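Source file entry.csv; content: CSV, C-alpha atoms and all ligand atoms.
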```
chain,number,residue,atom,x,y,z
A,1,MET,CA,35.3,70.2,53.3
A,2,LYS,CA,31.7,69.3,52.4
A,3,SER,CA,31.3,67.5,49.1
A,4,LEU,CA,29.6,68.6,45.9
A,5,ALA,CA,26.0,67.7,45.1
A,6,SER,CA,25.7,64.0,44.5
A,7,LYS,CA,23.6,64.5,41.4
A,8,LEU,CA,26.6,65.9,39.6
A,9,SER,CA,28.2,62.4,39.7
A,10,PHE,CA,25.7,61.2,37.1
A,11,PHE,CA,27.3,63.3,34.3
A,12,GLN,CA,30.5,64.8,33.1
A,13,GLU,CA,31.4,68.1,31.3
A,14,SER,CA,30.2,68.4,27.7
A,15,VAL,CA,32.3,66.4,25.3
A,16,ILE,CA,31.2,68.6,22.4
A,17,ARG,CA,32.6,71.7,24.1
A,18,GLU,CA,35.7,69.7,25.1
A,19,MET,CA,36.3,68.9,21.5
A,20,THR,CA,36.2,72.6,20.6
A,21,ARG,CA,38.9,73.1,23.2
A,22,LYS,CA,41.0,70.3,21.7
A,23,ALA,CA,40.4,71.8,18.2
A,24,ILE,CA,41.9,75.1,19.4
A,25,GLU,CA,44.8,73.3,21.1
A,26,ASN,CA,45.7,71.3,18.0
A,27,ASN,CA,44.9,74.1,15.5
A,28,ALA,CA,42.4,71.7,14.0
A,29,ILE,CA,39.4,72.4,11.8
A,30,ASN,CA,36.5,72.3,14.2
A,31,LEU,CA,33.7,70.0,12.9
A,32,SER,CA,32.7,69.2,16.4
A,33,GLN,CA,30.6,71.9,18.0
A,34,GLY,CA,27.6,73.0,15.9
A,35,MET,CA,28.4,76.5,14.9
A,36,PRO,CA,29.1,78.2,11.6
A,37,ASP,CA,32.4,79.8,10.7
A,38,PHE,CA,30.9,82.6,8.5
A,39,SER,CA,29.2,85.9,9.3
A,40,PRO,CA,25.5,86.2,10.1
A,41,PRO,CA,23.2,88.2,7.8
A,42,LYS,CA,24.1,91.9,7.5
A,43,VAL,CA,20.7,93.0,8.8
A,44,LEU,CA,21.5,91.3,12.1
A,45,ILE,CA,24.9,93.0,12.4
A,46,ASP,CA,23.2,96.3,11.6
A,47,GLY,CA,20.7,95.3,14.2
A,48,ILE,CA,23.3,95.2,16.9
A,49,LYS,CA,24.7,98.6,15.9
A,50,ASN,CA,21.2,100.0,16.1
A,51,ALA,CA,20.6,98.4,19.4
A,52,ILE,CA,23.8,100.0,20.8
A,53,GLN,CA,22.6,103.4,19.6
A,54,GLN,CA,19.3,102.9,21.2
A,55,GLU,CA,21.2,102.2,24.5
A,56,GLU,CA,19.3,99.0,25.2
A,57,HIS,CA,21.6,98.1,28.1
A,58,GLN,CA,19.2,97.2,30.9
A,59,TYR,CA,17.1,94.1,31.7
A,60,SER,CA,14.2,93.5,29.4
A,61,VAL,CA,10.8,92.4,30.8
A,62,THR,CA,11.6,88.9,32.2
A,63,TYR,CA,9.6,87.1,29.6
A,64,GLY,CA,11.3,88.9,26.8
A,65,ARG,CA,10.5,92.0,24.7
A,66,PRO,CA,6.8,92.2,23.9
A,67,ASP,CA,7.4,93.2,20.2
A,68,LEU,CA,9.7,90.2,19.8
A,69,ARG,CA,7.2,87.8,21.3
A,70,GLU,CA,4.6,89.2,19.0
A,71,LYS,CA,6.8,88.6,16.0
A,72,ILE,CA,7.5,85.1,17.2
A,73,SER,CA,3.8,84.3,17.6
A,74,GLU,CA,3.2,85.4,14.0
A,75,LYS,CA,6.0,83.1,12.8
A,76,LEU,CA,4.7,80.2,14.9
A,77,LEU,CA,1.4,80.6,13.2
A,78,SER,CA,2.6,80.8,9.7
A,79,TYR,CA,5.6,78.3,9.7
A,80,ASN,CA,4.7,75.9,12.6
A,81,LYS,CA,0.9,76.0,12.5
A,82,LEU,CA,1.1,76.8,16.3
A,83,ASN,CA,-1.4,79.2,17.8
A,84,TYR,CA,-0.1,80.7,21.1
A,85,TYR,CA,-0.6,84.0,22.8
A,86,PRO,CA,2.6,86.2,23.0
A,87,GLU,CA,1.5,87.7,26.4
A,88,ASP,CA,1.4,84.5,28.4
A,89,GLU,CA,2.5,81.6,26.2
A,90,ILE,CA,5.8,82.7,24.7
A,91,THR,CA,9.0,83.4,26.7
A,92,ILE,CA,12.4,84.5,25.3
A,93,THR,CA,15.3,82.6,26.9
A,94,CYS,CA,19.1,82.5,26.8
A,95,GLY,CA,19.2,80.2,23.8
A,96,ALA,CA,17.3,77.0,23.3
A,97,GLY,CA,19.5,75.5,25.9
A,98,GLU,CA,17.9,77.5,28.7
A,99,ALA,CA,14.5,77.0,27.2
A,100,ILE,CA,15.0,73.2,27.6
A,101,ALA,CA,16.5,73.6,31.0
A,102,SER,CA,13.6,75.7,32.3
A,103,SER,CA,11.1,73.3,30.7
A,104,ILE,CA,12.5,70.2,32.2
A,105,MET,CA,12.9,71.8,35.6
A,106,ALA,CA,9.3,73.1,35.4
A,107,VAL,CA,7.7,69.7,34.9
A,108,THR,CA,9.9,67.3,36.8
A,109,ASN,CA,9.4,66.1,40.3
A,110,PRO,CA,12.1,63.9,42.0
A,111,SER,CA,12.1,60.4,40.3
A,112,ASP,CA,9.7,61.4,37.5
A,113,GLU,CA,10.8,59.6,34.4
A,114,ILE,CA,11.7,61.6,31.3
A,115,VAL,CA,11.9,59.6,28.1
A,116,ILE,CA,14.9,60.6,26.0
A,117,ILE,CA,15.6,59.2,22.5
A,118,GLU,CA,19.1,57.8,22.0
A,119,PRO,CA,21.3,59.0,20.5
A,120,TRP,CA,20.5,62.4,22.1
A,121,TYR,CA,21.8,65.9,22.2
A,122,GLU,CA,24.0,65.8,25.2
A,123,ASN,CA,22.2,68.6,27.3
A,124,TYR,CA,19.0,66.6,27.8
A,125,VAL,CA,20.4,64.1,30.3
A,126,PRO,CA,22.3,66.4,32.6
A,127,LEU,CA,19.4,68.7,32.7
A,128,THR,CA,17.1,65.9,33.7
A,129,ARG,CA,19.5,64.9,36.4
A,130,LEU,CA,19.8,68.4,37.7
A,131,ALA,CA,16.0,68.4,37.9
A,132,GLU,CA,16.3,65.1,39.9
A,133,GLY,CA,14.3,63.3,37.3
A,134,LYS,CA,15.2,59.9,35.9
A,135,PRO,CA,16.2,59.7,32.3
A,136,VAL,CA,14.7,56.7,30.5
A,137,TYR,CA,16.5,55.9,27.2
A,138,VAL,CA,14.9,54.7,24.1
A,139,GLN,CA,17.1,53.9,21.1
A,140,LEU,CA,16.4,54.7,17.5
A,141,ASN,CA,16.9,51.7,15.2
A,142,ILE,CA,20.6,51.8,14.5
A,143,ASP,CA,20.4,50.8,10.8
A,144,ASP,CA,18.1,53.6,9.7
A,145,PHE,CA,17.4,55.8,12.8
A,146,ARG,CA,13.7,55.0,12.7
A,147,LEU,CA,11.6,55.2,15.8
A,148,ASN,CA,10.8,51.8,17.2
A,149,GLU,CA,7.2,52.1,18.4
A,150,GLU,CA,7.3,48.9,20.5
A,151,THR,CA,10.4,50.1,22.4
A,152,ILE,CA,8.9,53.5,23.1
A,153,LYS,CA,5.7,51.9,24.4
A,154,GLU,CA,7.6,49.6,26.6
A,155,SER,CA,9.5,52.5,28.2
A,156,ILE,CA,6.3,54.2,29.5
A,157,THR,CA,5.4,53.6,33.1
A,158,ASP,CA,3.1,55.4,35.5
A,159,LYS,CA,6.1,57.6,36.5
A,160,THR,CA,6.6,58.8,32.9
A,161,LYS,CA,6.2,62.6,33.0
A,162,ALA,CA,7.6,63.8,29.7
A,163,ILE,CA,9.2,62.8,26.5
A,164,VAL,CA,11.9,64.9,24.8
A,165,ILE,CA,11.8,65.0,21.0
A,166,ASN,CA,14.3,66.7,18.8
A,167,SER,CA,13.5,67.1,15.1
A,168,PRO,CA,15.5,67.7,12.9
A,169,HIS,CA,17.7,65.6,15.1
A,170,ASN,CA,21.1,66.1,16.6
A,171,PRO,CA,23.3,64.0,16.1
A,172,THR,CA,21.8,61.9,13.3
A,173,GLY,CA,20.1,64.5,11.0
A,174,LYS,CA,16.9,62.5,11.2
A,175,VAL,CA,13.7,64.4,10.5
A,176,PHE,CA,10.8,62.7,12.2
A,177,THR,CA,8.1,61.7,9.8
A,178,GLU,CA,4.5,62.7,10.2
A,179,GLN,CA,3.7,59.1,11.0
A,180,GLU,CA,6.3,59.0,13.8
A,181,LEU,CA,5.1,62.3,15.2
A,182,ARG,CA,1.5,61.1,15.1
A,183,PHE,CA,2.5,58.0,17.0
A,184,ILE,CA,4.2,60.1,19.7
A,185,ALA,CA,1.3,62.4,19.9
A,186,ASP,CA,-1.2,59.5,20.4
A,187,LEU,CA,1.1,58.1,23.1
A,188,CYS,CA,1.3,61.4,24.9
A,189,LYS,CA,-2.5,61.8,24.8
A,190,ASP,CA,-3.2,58.1,25.8
A,191,GLU,CA,-0.7,58.0,28.6
A,192,ASP,CA,-1.0,61.7,29.8
A,193,ILE,CA,2.6,62.6,29.0
A,194,ILE,CA,4.0,66.1,28.3
A,195,ALA,CA,6.1,66.5,25.1
A,196,ILE,CA,9.1,68.7,25.1
A,197,THR,CA,10.1,69.3,21.5
A,198,ASP,CA,13.4,70.9,20.5
A,199,GLU,CA,13.0,72.3,17.0
A,200,ILE,CA,16.1,74.5,16.8
A,201,TYR,CA,17.1,73.1,13.4
A,202,GLU,CA,13.6,73.6,11.9
A,203,TYR,CA,14.8,75.6,8.9
A,204,ILE,CA,17.7,73.3,8.0
A,205,LEU,CA,16.1,70.6,5.8
A,206,PHE,CA,17.3,68.6,2.8
A,207,ASP,CA,15.8,67.2,-0.3
A,208,ASP,CA,12.0,67.2,0.1
A,209,SER,CA,11.9,66.8,3.9
A,210,LYS,CA,9.3,68.9,5.7
A,211,HIS,CA,9.3,70.2,9.3
A,212,ILE,CA,6.2,69.4,11.3
A,213,SER,CA,5.8,70.8,14.8
A,214,LEU,CA,4.6,68.1,17.2
A,215,GLY,CA,2.4,70.7,19.0
A,216,SER,CA,0.5,71.4,15.8
A,217,LEU,CA,-1.0,67.9,15.8
A,218,GLU,CA,-4.5,67.5,17.0
A,219,GLY,CA,-4.9,67.6,20.8
A,220,MET,CA,-1.2,68.4,21.4
A,221,GLU,CA,-1.4,72.1,21.8
A,222,GLU,CA,-2.0,71.9,25.6
A,223,ARG,CA,0.6,69.2,26.3
A,224,THR,CA,3.5,70.3,24.2
A,225,ILE,CA,6.4,72.6,25.1
A,226,THR,CA,8.0,73.8,21.9
A,227,VAL,CA,11.6,75.1,22.0
A,228,SER,CA,13.4,77.0,19.2
A,229,GLY,CA,15.6,80.0,18.7
A,230,PHE,CA,17.6,82.2,16.4
A,231,SER,CA,21.0,80.6,16.8
A,232,LYS,CA,21.1,78.0,14.0
A,233,THR,CA,18.7,79.7,11.5
A,234,PHE,CA,20.6,83.0,11.6
A,235,SER,CA,24.1,81.7,12.4
A,236,ILE,CA,24.3,83.5,15.7
A,237,THR,CA,24.9,80.7,18.2
A,238,GLY,CA,26.8,83.0,20.5
A,239,TRP,CA,24.0,85.5,20.9
A,240,ARG,CA,22.0,83.1,23.1
A,241,VAL,CA,18.5,84.1,22.1
A,242,GLY,CA,16.0,81.3,22.1
A,243,TYR,CA,12.4,80.9,23.1
A,244,VAL,CA,9.9,78.5,24.6
A,245,VAL,CA,6.2,78.2,23.8
A,246,ALA,CA,3.5,76.4,25.7
A,247,HIS,CA,0.0,76.6,26.9
A,248,GLU,CA,-0.4,79.0,29.8
A,249,ASN,CA,-0.9,76.2,32.3
A,250,LEU,CA,2.7,74.9,31.5
A,251,MET,CA,4.1,78.3,30.8
A,252,THR,CA,3.3,79.6,34.3
A,253,GLY,CA,5.8,77.0,35.7
A,254,ILE,CA,8.4,77.5,32.9
A,255,ARG,CA,8.4,81.3,33.6
A,256,LYS,CA,9.0,80.8,37.3
A,257,VAL,CA,12.2,78.8,36.5
A,258,HIS,CA,13.3,81.2,33.8
A,259,ASP,CA,12.8,84.2,36.0
A,260,TYR,CA,15.1,82.9,38.7
A,261,LEU,CA,17.6,81.1,36.5
A,262,THR,CA,18.5,83.9,34.1
A,263,ILE,CA,16.2,86.9,34.7
A,264,CYS,CA,16.0,87.7,31.0
A,265,ALA,CA,17.8,87.0,27.7
A,266,PRO,CA,20.3,89.8,26.7
A,267,SER,CA,18.2,92.9,26.0
A,268,LEU,CA,20.6,94.3,23.3
A,269,LEU,CA,20.4,91.1,21.3
A,270,GLN,CA,16.7,90.7,21.7
A,271,LEU,CA,16.4,94.0,20.0
A,272,ALA,CA,18.9,93.0,17.3
A,273,VAL,CA,17.2,89.7,16.5
A,274,LEU,CA,14.0,91.6,15.7
A,275,GLU,CA,15.8,92.5,12.4
A,276,SER,CA,15.7,88.8,11.4
A,277,PHE,CA,12.0,89.2,10.6
A,278,LYS,CA,12.9,91.4,7.7
A,279,LEU,CA,14.5,88.4,5.9
A,280,GLY,CA,12.1,86.7,3.5
A,281,GLU,CA,11.8,83.4,1.8
A,282,GLU,CA,14.9,84.0,-0.2
A,283,TYR,CA,17.1,83.9,2.9
A,284,PHE,CA,15.6,80.6,4.1
A,285,SER,CA,16.0,78.9,0.7
A,286,LEU,CA,19.7,80.1,0.5
A,287,LEU,CA,20.3,78.7,3.9
A,288,LYS,CA,18.9,75.3,2.9
A,289,LYS,CA,20.9,75.4,-0.4
A,290,ARG,CA,24.1,76.2,1.4
A,291,TYR,CA,23.8,73.3,3.9
A,292,GLN,CA,22.4,70.9,1.2
A,293,ARG,CA,25.6,71.5,-0.8
A,294,ASN,CA,27.7,70.8,2.3
A,295,ARG,CA,25.8,67.7,3.1
A,296,ASN,CA,26.0,66.3,-0.4
A,297,PHE,CA,29.7,66.9,-0.5
A,298,ILE,CA,30.7,65.5,2.9
A,299,VAL,CA,28.4,62.5,2.7
A,300,ASP,CA,29.8,61.5,-0.7
A,301,GLU,CA,33.4,62.0,0.4
A,302,LEU,CA,33.1,60.2,3.7
A,303,LYS,CA,31.4,57.2,2.0
A,304,LYS,CA,34.4,57.0,-0.3
A,305,LEU,CA,36.6,56.7,2.9
A,306,ASP,CA,34.6,53.7,4.2
A,307,PHE,CA,32.4,55.5,6.7
A,308,LYS,CA,28.9,54.1,6.8
A,309,ILE,CA,26.3,56.9,6.8
A,310,VAL,CA,22.6,57.2,7.0
A,311,THR,CA,22.2,60.3,4.9
A,312,PRO,CA,20.9,63.2,7.1
A,313,SER,CA,17.6,64.8,6.1
A,314,GLY,CA,18.0,67.9,8.3
A,315,ALA,CA,20.1,69.8,10.8
A,316,TYR,CA,23.8,70.0,10.1
A,317,TYR,CA,25.3,66.8,11.5
A,318,LEU,CA,26.0,63.3,10.3
A,319,PHE,CA,26.5,60.4,12.6
A,320,ALA,CA,29.1,58.2,10.8
A,321,ASP,CA,29.7,54.5,11.5
A,322,ILE,CA,33.5,54.1,12.0
A,323,SER,CA,33.5,50.3,12.4
A,324,SER,CA,35.7,49.8,9.3
A,325,PHE,CA,38.5,51.6,11.1
A,326,ASN,CA,38.9,49.1,14.0
A,327,MET,CA,39.1,51.9,16.6
A,328,ASN,CA,36.7,53.0,19.2
A,329,ASP,CA,35.1,56.5,18.9
A,330,ILE,CA,37.4,58.1,21.6
A,331,ASP,CA,40.6,56.9,20.0
A,332,PHE,CA,39.4,57.7,16.6
A,333,ALA,CA,38.4,61.3,17.5
A,334,ASP,CA,41.7,61.7,19.3
A,335,MET,CA,43.7,60.5,16.3
A,336,LEU,CA,41.7,62.7,14.0
A,337,VAL,CA,42.2,65.9,16.0
A,338,LYS,CA,45.9,65.2,16.7
A,339,ASP,CA,47.2,63.6,13.6
A,340,LYS,CA,44.9,64.9,10.9
A,341,GLY,CA,43.8,68.3,12.4
A,342,VAL,CA,40.1,67.7,12.2
A,343,ALA,CA,37.9,67.7,15.3
A,344,VAL,CA,34.7,65.6,15.5
A,345,VAL,CA,32.6,64.3,18.5
A,346,PRO,CA,32.9,60.8,19.8
A,347,GLY,CA,29.7,58.8,19.4
A,348,THR,CA,29.5,57.7,23.1
A,349,SER,CA,28.7,61.3,24.0
A,350,PHE,CA,25.3,60.8,22.6
A,351,TYR,CA,24.5,57.5,24.5
A,352,ASN,CA,24.0,56.5,28.1
A,353,LYS,CA,27.4,55.8,29.5
A,354,ASN,CA,26.1,53.7,32.3
A,355,ASN,CA,24.7,51.1,29.9
A,356,GLN,CA,26.2,47.8,31.0
A,357,LEU,CA,25.8,46.4,27.5
A,358,GLU,CA,28.0,47.5,24.7
A,359,ASN,CA,27.7,51.2,24.1
A,360,ILE,CA,26.7,51.5,20.5
A,361,GLY,CA,28.2,55.0,20.4
A,362,GLN,CA,31.7,53.6,20.3
A,363,ASN,CA,31.2,52.8,16.7
A,364,TYR,CA,30.3,56.3,15.7
A,365,VAL,CA,31.6,59.9,15.5
A,366,ARG,CA,29.6,63.0,14.7
A,367,PHE,CA,30.7,65.3,11.9
A,368,CYS,CA,29.2,68.8,11.8
A,369,PHE,CA,28.9,70.5,8.4
A,370,SER,CA,27.8,74.0,9.5
A,371,GLN,CA,31.0,75.6,8.2
A,372,LYS,CA,31.9,77.2,4.9
A,373,TYR,CA,32.1,74.8,2.0
A,374,GLU,CA,35.8,75.5,1.7
A,375,THR,CA,36.3,74.6,5.4
A,376,ILE,CA,34.7,71.3,4.8
A,377,GLU,CA,36.7,70.7,1.6
A,378,GLU,CA,39.9,71.3,3.6
A,379,ALA,CA,38.8,69.0,6.4
A,380,VAL,CA,38.0,66.2,3.9
A,381,LYS,CA,41.4,66.8,2.2
A,382,ARG,CA,43.1,66.4,5.6
A,383,ILE,CA,41.5,63.0,6.2
A,384,SER,CA,41.6,61.8,2.6
A,385,ASN,CA,44.5,59.4,3.4
A,386,LEU,CA,42.7,57.7,6.3
A,387,LEU,CA,42.4,54.5,4.4
A,388,ASN,CA,46.1,53.9,3.6
A,389,GLY,CA,46.9,54.8,7.2
A,390,SER,CA,49.4,57.6,6.5
B,401,LIG,N1,24.0,72.2,19.6
B,401,LIG,C1,25.4,72.3,19.2
B,401,LIG,C2,26.0,71.0,19.1
B,401,LIG,O1,25.4,70.0,19.3
B,401,LIG,C3,26.1,73.2,20.2
B,401,LIG,C4,26.4,72.5,21.5
B,401,LIG,C5,26.7,73.4,22.5
B,401,LIG,O2,27.8,73.6,22.8
B,401,LIG,N2,25.6,73.8,23.2
B,401,LIG,O3,27.2,70.9,18.7
```
Give the structure from the file, written as structure tokens.
Ligand code: GLN
Amino acid sequence: MKSLASKLSFFQESVIREMTRKAIENNAINLSQGMPDFSPPKVLIDGIKNAIQQEEHQYSVTYGRPDLREKISEKLLSYNKLNYYPEDEITITCGAGEAIASSIMAVTNPSDEIVIIEPWYENYVPLTRLAEGKPVYVQLNIDDFRLNEETIKESITDKTKAIVINSPHNPTGKVFTEQELRFIADLCKDEDIIAITDEIYEYILFDDSKHISLGSLEGMEERTITVSGFSKTFSITGWRVGYVVAHENLMTGIRKVHDYLTICAPSLLQLAVLESFKLGEEYFSLLKKRYQRNRNFIVDELKKLDFKIVTPSGAYYLFADISSFNMNDIDFADMLVKDKGVAVVPGTSFYNKNNQLENIGQNYVRFCFSQKYETIEEAVKRISNLLNGS
């Protein structure tokens, strides 16, 4: 029989989703895949009921419902300081995942280089491979997850097509500072690079950290593709409603890919997410408060257990250094899910596995804290005897 496409050999199935399967198998608390274990806001549930009553069962316009795009454009202007036209510069996608896929495919020619910041959210690399691009990895400083300007500059060649930025960042919880974003913006302008920015955690911020959209910086509007969605902000990760925003010149290509890849995002759910715009400031501040409480608790508890942690400023993950346990990430995650009943993601899933040098990820695991406070309390209880080895 003929063989499968050779580009598939460059990556494996998602480890995050594999850990969810292992969590189910072992009846473990799932702190691996980033999804809440509580209900979304009631207006959204009512939104679905209403959408069913309205019999919204057929395809929507490929680019997404016009009224939803209109609402998103208003939100982009007020929250992100981004000014894009709903008619031809905003497209509703099947989650932020499809938005990123369509964007990478739309800009990548075979052997174009796509700069990806390590550790990365695991979708970026396979999608670059599927687009026949070449991922170029640039590591964040491991001691504080800061961007190393020199390393990024060195990674740029005449084949560099795009750079993928994710802020707030998965898996570290880093929120890129204005200074870091300005550096990236200048680099993109000087070297003629497209920025693809994944801002799906834009409302999950701690302490006094602020979200800045890369596309809002001077001169970036035309060369930035901004991705976000409703999944994380409204706790509806399974609805798969996201969006992508870009200048018309880029959007023409993104829409071509989107059109043939998925036709449209689910119509029923596009109608239902419209209800989210009824939620005001109070909702967003409660969301922050909820996750801030989780973060404070889990960071404190894990530190007591000898994990080394750079405290996350946003998103709902922490990337914990496990070097005090004398185990690699895979064995550690395996032990945790089987013996303690807590699923986390091994750190190597967020690093380039073909790196011949030591893979830094083997000293880390990712904990997700998007669950109910009680769930996290229980997970911490289950691992509380880690240090005495019982
Ligand atoms: N973004 C989430 C995570 O990193 C969900 C991953 C996924 O399964 N798409 O866990």
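Atom N2 of ligand LIG 401 (chain B) is positioned 20.8 Å from atom CA of Tyr260 of chain A.
Comparing the minimum interatomic distances between ligand LIG 401 (chain B) and each of A:Asp143, A:Glu25, A:Glu98, A:Asp67, counting only C-alpha atoms and all ligand atoms, we find that A:Glu98 sits nearest.
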ask   = What do you get as a list in words if you pick all residues at most 8 Å from ligand LIG 401 (chain B), counting only C-alpha atoms and all ligand atoms?
value =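 These are the residues that qualify: Ser14, Ile16, Arg17, Ser32, Gln33, Gly34, Met35, Gly97, Tyr121, Glu122, Asn123, Asn170, Pro171, Thr237 and Cys368 of chain A.
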request  = For atom CA of Asn83 of chain A and atom CA of Val175 of chain A, determine how far apart the two atoms are, in Å to one decimal place.
outcome  =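 Pair atom CA of Asn83 of chain A / atom CA of Val175 of chain A returns 22.4 Å.
Remark: for Ser267 of chain A, the closest of the candidate residues A:Ile48, A:Ala28, A:Ile165, A:Ala343 is A:Ile48 (distances computed over all atoms listed in the file).
With only the atoms specified (all atoms listed in the file) counting, those residues at most 12 Å away from (29.6, 81.2, 20.7) are Arg17, Thr20, Gln33, Gly34, Met35, Pro36, Asp37, Gly95, Ser231, Lys232, Ser235, Ile236, Thr237, Gly238, Trp239, Arg240 and Val241 of chain A.
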Ala51 of chain A surroundings by only C-alpha atoms, 10 Å radius, close-in-sequence under 5 positions cut, as a PDB file with C-alpha atoms, in the coordinates of the input:
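And here's around.pdb as it stands now:
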```pdb
ATOM      1  CA  ILE A  45      24.900  93.000  12.400  1.00  0.00           C
ATOM      2  CA  ASP A  46      23.200  96.300  11.600  1.00  0.00           C
ATOM      3  CA  GLU A  56      19.300  99.000  25.200  1.00  0.00           C
ATOM      4  CA  HIS A  57      21.600  98.100  28.100  1.00  0.00           C
ATOM      5  CA  SER A 267      18.200  92.900  26.000  1.00  0.00           C
ATOM      6  CA  LEU A 268      20.600  94.300  23.300  1.00  0.00           C
ATOM      7  CA  LEU A 269      20.400  91.100  21.300  1.00  0.00           C
ATOM      8  CA  GLN A 270      16.700  90.700  21.700  1.00  0.00           C
ATOM      9  CA  LEU A 271      16.400  94.000  20.000  1.00  0.00           C
ATOM     10  CA  ALA A 272      18.900  93.000  17.300  1.00  0.00           C
ATOM     11  CA  VAL A 273      17.200  89.700  16.500  1.00  0.00           C
TER      12      VAL A 273
END
```
request  = Would you be able to write out as JSON, numbers by chain which residues have an atom within 10 Å of (39.4, 65.9, 8.9) in the file's coordinates, counting all atoms listed in the file?
outcome  = {"A": [28, 29, 30, 31, 302, 333, 336, 337, 339, 340, 341, 342, 343, 344, 367, 375, 376, 377, 378, 379, 380, 381, 382, 383, 384, 385, 386]}
Nearest to Phe183 of chain A, chosen from A:Asp329, A:Asp208, A:Glu150, A:Glu55, with only C-alpha atoms counted in the distances =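 Among the listed residues, the smallest separation from Phe183 of chain A belongs to A:Glu150.
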Contacts of segment 242-258 of chain A within 9 Å, only C-alpha atoms, excl. fewer than 6 positions in-chain, as a PDB file with C-alpha atoms, keeping the file's coordinate frame:
```pdb
ATOM      1  CA  THR A  62      11.600  88.900  32.200  1.00  0.00           C
ATOM      2  CA  TYR A  63       9.600  87.100  29.600  1.00  0.00           C
ATOM      3  CA  GLY A  64      11.300  88.900  26.800  1.00  0.00           C
ATOM      4  CA  ARG A  69       7.200  87.800  21.300  1.00  0.00           C
ATOM      5  CA  ILE A  72       7.500  85.100  17.200  1.00  0.00           C
ATOM      6  CA  TYR A  84      -0.100  80.700  21.100  1.00  0.00           C
ATOM      7  CA  TYR A  85      -0.600  84.000  22.800  1.00  0.00           C
ATOM      8  CA  PRO A  86       2.600  86.200  23.000  1.00  0.00           C
ATOM      9  CA  ASP A  88       1.400  84.500  28.400  1.00  0.00           C
ATOM     10  CA  GLU A  89       2.500  81.600  26.200  1.00  0.00           C
ATOM     11  CA  ILE A  90       5.800  82.700  24.700  1.00  0.00           C
ATOM     12  CA  THR A  91       9.000  83.400  26.700  1.00  0.00           C
ATOM     13  CA  ILE A  92      12.400  84.500  25.300  1.00  0.00           C
ATOM     14  CA  THR A  93      15.300  82.600  26.900  1.00  0.00           C
ATOM     15  CA  CYS A  94      19.100  82.500  26.800  1.00  0.00           C
ATOM     16  CA  GLY A  95      19.200  80.200  23.800  1.00  0.00           C
ATOM     17  CA  ALA A  96      17.300  77.000  23.300  1.00  0.00           C
ATOM     18  CA  GLY A  97      19.500  75.500  25.900  1.00  0.00           C
ATOM     19  CA  GLU A  98      17.900  77.500  28.700  1.00  0.00           C
ATOM     20  CA  ALA A  99      14.500  77.000  27.200  1.00  0.00           C
ATOM     21  CA  ILE A 100      15.000  73.200  27.600  1.00  0.00           C
ATOM     22  CA  ALA A 101      16.500  73.600  31.000  1.00  0.00           C
ATOM     23  CA  SER A 102      13.600  75.700  32.300  1.00  0.00           C
ATOM     24  CA  SER A 103      11.100  73.300  30.700  1.00  0.00           C
ATOM     25  CA  ILE A 104      12.500  70.200  32.200  1.00  0.00           C
ATOM     26  CA  MET A 105      12.900  71.800  35.600  1.00  0.00           C
ATOM     27  CA  ALA A 106       9.300  73.100  35.400  1.00  0.00           C
ATOM     28  CA  VAL A 107       7.700  69.700  34.900  1.00  0.00           C
ATOM     29  CA  ILE A 200      16.100  74.500  16.800  1.00  0.00           C
ATOM     30  CA  GLY A 215       2.400  70.700  19.000  1.00  0.00           C
ATOM     31  CA  GLU A 221      -1.400  72.100  21.800  1.00  0.00           C
ATOM     32  CA  GLU A 222      -2.000  71.900  25.600  1.00  0.00           C
ATOM     33  CA  ARG A 223       0.600  69.200  26.300  1.00  0.00           C
ATOM     34  CA  THR A 224       3.500  70.300  24.200  1.00  0.00           C
ATOM     35  CA  ILE A 225       6.400  72.600  25.100  1.00  0.00           C
ATOM     36  CA  THR A 226       8.000  73.800  21.900  1.00  0.00           C
ATOM     37  CA  VAL A 227      11.600  75.100  22.000  1.00  0.00           C
ATOM     38  CA  SER A 228      13.400  77.000  19.200  1.00  0.00           C
ATOM     39  CA  GLY A 229      15.600  80.000  18.700  1.00  0.00           C
ATOM     40  CA  PHE A 230      17.600  82.200  16.400  1.00  0.00           C
ATOM     41  CA  SER A 231      21.000  80.600  16.800  1.00  0.00           C
ATOM     42  CA  CYS A 264      16.000  87.700  31.000  1.00  0.00           C
ATOM     43  CA  ALA A 265      17.800  87.000  27.700  1.00  0.00           C
TER      44      ALA A 265
END
```
